[in-house]
>>> print(open('final05.cif').read())   # mmCIF, C-alpha atoms (C1' of nucleotides)
data_input
loop_
_atom_site.group_PDB
_atom_site.id
_atom_site.type_symbol
_atom_site.label_atom_id
_atom_site.label_comp_id
_atom_site.auth_asym_id
_atom_site.auth_seq_id
_atom_site.Cartn_x
_atom_site.Cartn_y
_atom_site.Cartn_z
ATOM 1 C CA MET A 16 -0.009 5.045 28.313
ATOM 2 C CA GLU A 17 -1.657 3.374 25.349
ATOM 3 C CA SER A 18 -0.392 -0.123 24.921
ATOM 4 C CA PHE A 19 -1.707 -2.410 22.217
ATOM 5 C CA PHE A 20 -3.772 -4.240 24.762
ATOM 6 C CA GLN A 21 -5.201 -1.104 26.323
ATOM 7 C CA ASN A 22 -6.145 0.032 22.862
ATOM 8 C CA VAL A 23 -7.909 -3.239 22.234
ATOM 9 C CA TYR A 24 -9.908 -2.855 25.416
ATOM 10 C CA GLN A 25 -10.867 0.649 24.443
ATOM 11 C CA VAL A 26 -12.082 -0.317 20.994
ATOM 12 C CA VAL A 27 -14.018 -3.307 22.271
ATOM 13 C CA ASN A 28 -15.675 -1.071 24.805
ATOM 14 C CA LEU A 29 -16.816 1.149 21.960
ATOM 15 C CA ILE A 30 -18.647 -1.626 20.165
ATOM 16 C CA PRO A 31 -22.331 -0.634 20.121
ATOM 17 C CA LYS A 32 -24.813 -2.970 21.696
ATOM 18 C CA GLY A 33 -26.223 -5.396 19.187
ATOM 19 C CA ARG A 34 -23.172 -5.176 16.942
ATOM 20 C CA VAL A 35 -20.083 -7.318 16.517
ATOM 21 C CA THR A 36 -16.622 -6.976 15.065
ATOM 22 C CA THR A 37 -13.635 -9.150 14.300
ATOM 23 C CA TYR A 38 -10.164 -9.630 15.692
ATOM 24 C CA GLY A 39 -8.683 -8.663 12.360
ATOM 25 C CA ALA A 40 -10.686 -5.460 12.129
ATOM 26 C CA ILE A 41 -9.492 -4.380 15.543
ATOM 27 C CA ALA A 42 -5.913 -5.355 14.808
ATOM 28 C CA LYS A 43 -6.036 -3.446 11.549
ATOM 29 C CA TYR A 44 -7.494 -0.422 13.230
ATOM 30 C CA LEU A 45 -4.641 -0.503 15.695
ATOM 31 C CA GLY A 46 -2.151 -0.554 12.846
ATOM 32 C CA SER A 47 -1.185 -4.226 12.938
ATOM 33 C CA PRO A 48 -3.338 -6.125 10.421
ATOM 34 C CA LYS A 49 -1.410 -9.290 11.112
ATOM 35 C CA SER A 50 -1.776 -9.134 14.849
ATOM 36 C CA ALA A 51 -5.298 -10.460 15.102
ATOM 37 C CA ARG A 52 -3.955 -13.118 17.461
ATOM 38 C CA MET A 53 -2.756 -10.439 19.802
ATOM 39 C CA VAL A 54 -6.280 -9.117 20.002
ATOM 40 C CA GLY A 55 -7.352 -12.559 21.045
ATOM 41 C CA TRP A 56 -4.543 -12.610 23.564
ATOM 42 C CA ALA A 57 -5.618 -9.306 24.983
ATOM 43 C CA LEU A 58 -9.144 -10.556 25.417
ATOM 44 C CA ASN A 59 -7.864 -13.795 26.879
ATOM 45 C CA LYS A 60 -6.052 -11.829 29.538
ATOM 46 C CA VAL A 61 -9.068 -9.701 30.227
ATOM 47 C CA ALA A 62 -11.468 -12.638 30.090
ATOM 48 C CA ILE A 63 -10.886 -13.217 33.773
ATOM 49 C CA GLY A 64 -12.813 -10.526 35.545
ATOM 50 C CA SER A 65 -13.408 -7.610 33.206
ATOM 51 C CA LYS A 66 -16.182 -5.331 32.071
ATOM 52 C CA ILE A 67 -15.246 -5.692 28.428
ATOM 53 C CA PRO A 68 -17.913 -7.103 26.072
ATOM 54 C CA ALA A 69 -15.592 -9.683 24.571
ATOM 55 C CA HIS A 70 -18.599 -11.615 23.363
ATOM 56 C CA ARG A 71 -19.008 -9.010 20.621
ATOM 57 C CA VAL A 72 -15.697 -9.982 19.105
ATOM 58 C CA VAL A 73 -15.687 -12.932 16.744
ATOM 59 C CA ASN A 74 -13.484 -14.227 13.973
ATOM 60 C CA ARG A 75 -13.826 -13.125 10.371
ATOM 61 C CA LYS A 76 -16.556 -15.642 9.604
ATOM 62 C CA GLY A 77 -18.678 -14.483 12.484
ATOM 63 C CA ILE A 78 -18.029 -17.651 14.418
ATOM 64 C CA LEU A 79 -17.787 -17.586 18.203
ATOM 65 C CA THR A 80 -14.393 -19.197 18.333
ATOM 66 C CA GLY A 81 -13.718 -17.839 21.784
ATOM 67 C CA LYS A 82 -16.824 -19.120 23.500
ATOM 68 C CA LYS A 83 -14.839 -21.772 25.313
ATOM 69 C CA HIS A 84 -12.929 -19.115 27.191
ATOM 70 C CA PHE A 85 -16.034 -17.877 28.904
ATOM 71 C CA SER A 86 -17.275 -19.142 32.214
ATOM 72 C CA ALA A 87 -19.957 -21.122 30.444
ATOM 73 C CA LEU A 88 -19.851 -22.356 26.870
ATOM 74 C CA SER A 89 -23.262 -20.868 26.181
ATOM 75 C CA GLU A 90 -22.486 -17.537 27.808
ATOM 76 C CA MET A 91 -21.093 -15.890 24.691
ATOM 77 C CA ALA A 92 -23.958 -16.909 22.414
ATOM 78 C CA ASN A 93 -26.353 -16.184 25.225
ATOM 79 C CA LYS A 94 -25.213 -12.576 25.584
ATOM 80 C CA LEU A 95 -25.268 -11.990 21.853
ATOM 81 C CA THR A 96 -28.747 -13.415 21.650
ATOM 82 C CA SER A 97 -29.771 -11.028 24.406
ATOM 83 C CA GLU A 98 -28.652 -8.202 22.148
ATOM 84 C CA LYS A 99 -30.958 -9.359 19.383
ATOM 85 C CA ILE A 100 -28.188 -11.079 17.471
ATOM 86 C CA GLU A 101 -29.153 -14.497 16.177
ATOM 87 C CA ILE A 102 -26.655 -17.242 16.886
ATOM 88 C CA ILE A 103 -26.914 -20.636 15.283
ATOM 89 C CA GLU A 104 -24.249 -23.302 15.574
ATOM 90 C CA ASP A 105 -21.869 -20.813 17.208
ATOM 91 C CA GLN A 106 -22.218 -18.555 14.210
ATOM 92 C CA VAL A 107 -23.670 -15.062 13.846
ATOM 93 C CA ILE A 108 -26.589 -14.900 11.446
ATOM 94 C CA ASP A 109 -26.393 -12.001 8.986
ATOM 95 C CA PHE A 110 -22.917 -11.318 10.251
ATOM 96 C CA GLU A 111 -22.226 -8.694 7.601
ATOM 97 C CA LYS A 112 -25.297 -6.862 8.725
ATOM 98 C CA TYR A 113 -24.203 -6.730 12.363
ATOM 99 C CA PHE A 114 -20.554 -6.200 11.583
ATOM 100 C CA TRP A 115 -19.146 -3.067 13.170
ATOM 101 C CA ASP A 116 -15.868 -1.945 11.662
ATOM 102 C CA PRO A 117 -13.875 0.417 13.929
ATOM 103 C CA ILE A 118 -11.997 1.636 10.878
ATOM 104 C CA LYS A 119 -15.219 2.822 9.306
ATOM 105 C CA GLU A 120 -16.995 3.861 12.487
ATOM 106 C CA LEU A 121 -14.167 5.481 14.397
ATOM 107 C CA THR A 122 -12.066 6.934 11.623
ATOM 108 C CA VAL A 123 -12.798 10.533 10.841
ATOM 109 C CA TYR A 124 -12.446 11.238 7.180
ATOM 110 C "C1'" DC B 16 17.392 -18.523 24.439
ATOM 111 C "C1'" DC B 17 14.668 -21.884 21.770
ATOM 112 C "C1'" DA B 18 10.175 -24.312 21.240
ATOM 113 C "C1'" DT B 19 5.373 -24.352 21.590
ATOM 114 C "C1'" DT B 20 0.863 -22.382 21.765
ATOM 115 C "C1'" DG B 21 -3.059 -19.544 20.594
ATOM 116 C "C1'" DA B 22 -10.153 -15.953 21.247
ATOM 117 C "C1'" DC B 23 -6.520 -15.081 13.749
ATOM 118 C "C1'" DT B 24 -6.122 -14.267 8.629
ATOM 119 C "C1'" DT B 25 -4.987 -15.035 3.977
ATOM 120 C "C1'" DA B 26 -3.880 -17.729 -0.012
ATOM 121 C "C1'" DA B 27 -4.046 -21.865 -2.668
ATOM 122 C "C1'" DG B 28 -6.087 -26.382 -3.862
ATOM 123 C "C1'" DC C 18 -17.085 -24.102 2.840
ATOM 124 C "C1'" DC C 19 -12.976 -27.400 4.144
ATOM 125 C "C1'" DT C 20 -8.017 -28.425 4.622
ATOM 126 C "C1'" DT C 21 -2.968 -27.043 4.439
ATOM 127 C "C1'" DA C 22 0.512 -24.055 4.890
ATOM 128 C "C1'" DA C 23 2.516 -19.913 6.102
ATOM 129 C "C1'" DG C 24 2.759 -15.479 8.459
ATOM 130 C "C1'" DC C 25 2.122 -13.106 12.601
ATOM 131 C "C1'" DC C 26 3.705 -11.772 17.678
ATOM 132 C "C1'" DA C 27 3.185 -11.994 22.823
ATOM 133 C "C1'" DA C 28 3.184 -15.197 26.493
ATOM 134 C "C1'" DT C 29 4.720 -19.395 28.576
ATOM 135 C "C1'" DG C 30 7.647 -23.391 29.599
#
>>> encode(input="final05.cif", output="structure tokens")
Amino acid sequence: MESFFQNVYQVVNLIPKGRVTTYGAIAKYLGSPKSARMVGWALNKVAIGSKIPAHRVVNRKGILTGKKHFSALSEMANKLTSEKIEIIEDQVIDFEKYFWDPIKELTVY
DNA sequence: CCATTGACTTAAG
DNA sequence: CCTTAAGCCAATG
């Protein structure tokens, strides 16, 4: 059974360490470019007790908009920093450079 | 069933 | 980059 949410979890789990992606990219990969909010919803549901690296998912500007949903406000930035990703003012530095697009990385041409 | 909300995105100014 | 407005869709009240 592959629900939208399950698919989200799967993709997020595939994000390489030290890389990040966006809600929109995931939504688009799943076939619903306009359902970025649902990706956020999925993560919100899973935020409570899950093994999913939700901290690697940010909005299109590379901003940690979901940090407040973590146990600690600094947890999200903290984890990203631990993966060698620079975070300043809740924003990923060189976001384009760390950006991991499931459409490009997971799609077989 | 209708209204509101939200870890979003895009377009226009 | 910032603000509005609109679109989006599941969950919640």
>>> interface_residues(input="final05.cif", of="chain B", to="chain A", cutoff="8 Å", atoms="all atoms listed in the file", output="ChimeraX atom specification")
/B:21-24
>>> write_last_selection(input="final05.cif", atoms="C-alpha atoms (C1' of nucleotides)", output="PDB file, keeping the file's coordinate frame")
ATOM      1  C1'  DG B  21      -3.059 -19.544  20.594  1.00  0.00           C
ATOM      2  C1'  DA B  22     -10.153 -15.953  21.247  1.00  0.00           C
ATOM      3  C1'  DC B  23      -6.520 -15.081  13.749  1.00  0.00           C
ATOM      4  C1'  DT B  24      -6.122 -14.267   8.629  1.00  0.00           C
TER       5       DT B  24
END
>>> resolve_selection(input="final05.cif", expression="the PyMOL selection byres ((chain C) within 10 of (chain A))", output="list in words")
DG24, DC25, DC26, DA27 and DA28 of chain C
>>> atom_distance(input="final05.cif", atom1="atom CA of A:Ile30", atom2="atom CA of A:Leu95")
12.4 Å
>>> atom_distance(input="final05.cif", atom1="atom CA of A:Tyr113", atom2="atom CA of A:Gly77")
9.5 Å
>>> residues_around(input="final05.cif", residues="A:Gln21", least_positions_apart="2", cutoff="12 Å", atoms="only C-alpha atoms (C1' of nucleotides)", output="PyMOL selection string")
chain A and resi 16-19+23-28+45+53-54+56-58+60-61+67
>>> atom_distance(input="final05.cif", atom1="atom CA of A:Ile108", atom2="atom CA of A:Tyr44")
24.0 Å
>>> residues_near_point(input="final05.cif", point="(-20.8, -19.2, 20.1)", cutoff="8 Å", atoms="only C-alpha atoms (C1' of nucleotides)", output="ChimeraX atom specification")
/A:78-82,88-89,91-92,102-106
>>> residues_around(input="final05.cif", residues="A:Phe114", least_positions_apart="6", cutoff="7 Å", atoms="only C-alpha atoms (C1' of nucleotides)", output="ChimeraX atom specification")
/A:34-36
>>> resolve_selection(input="final05.cif", expression="the PyMOL selection byres ((chain C and resi 21) around 9)", output="ChimeraX atom specification")
/B:27-28 /C:20,22
>>> write_last_selection(input="final05.cif", atoms="C-alpha atoms (C1' of nucleotides)", output="compact mmCIF listing (two decimals), in the frame of the given file")
# COMPACT_ATOMS: atom_id res chain seq x y z
C1' DA B 27 -4.05 -21.86 -2.67
C1' DG B 28 -6.09 -26.38 -3.86
C1' DT C 20 -8.02 -28.42 4.62
C1' DA C 22 0.51 -24.06 4.89
>>> axis_aligned_box(input="final05.cif", around="chain C", padding_each_side="6 Å", output="AutoDock Vina command-line options")
--center_x -4.7 --center_y -20.1 --center_z 16.2 --size_x 36.7 --size_y 28.7 --size_z 38.8
>>> resolve_selection(input="final05.cif", expression="the PyMOL selection byres ((chain B and resi 19) around 12)", output="NGL selection string")
(:B and (17-18 or 20-21)) or (:C and (28-30))
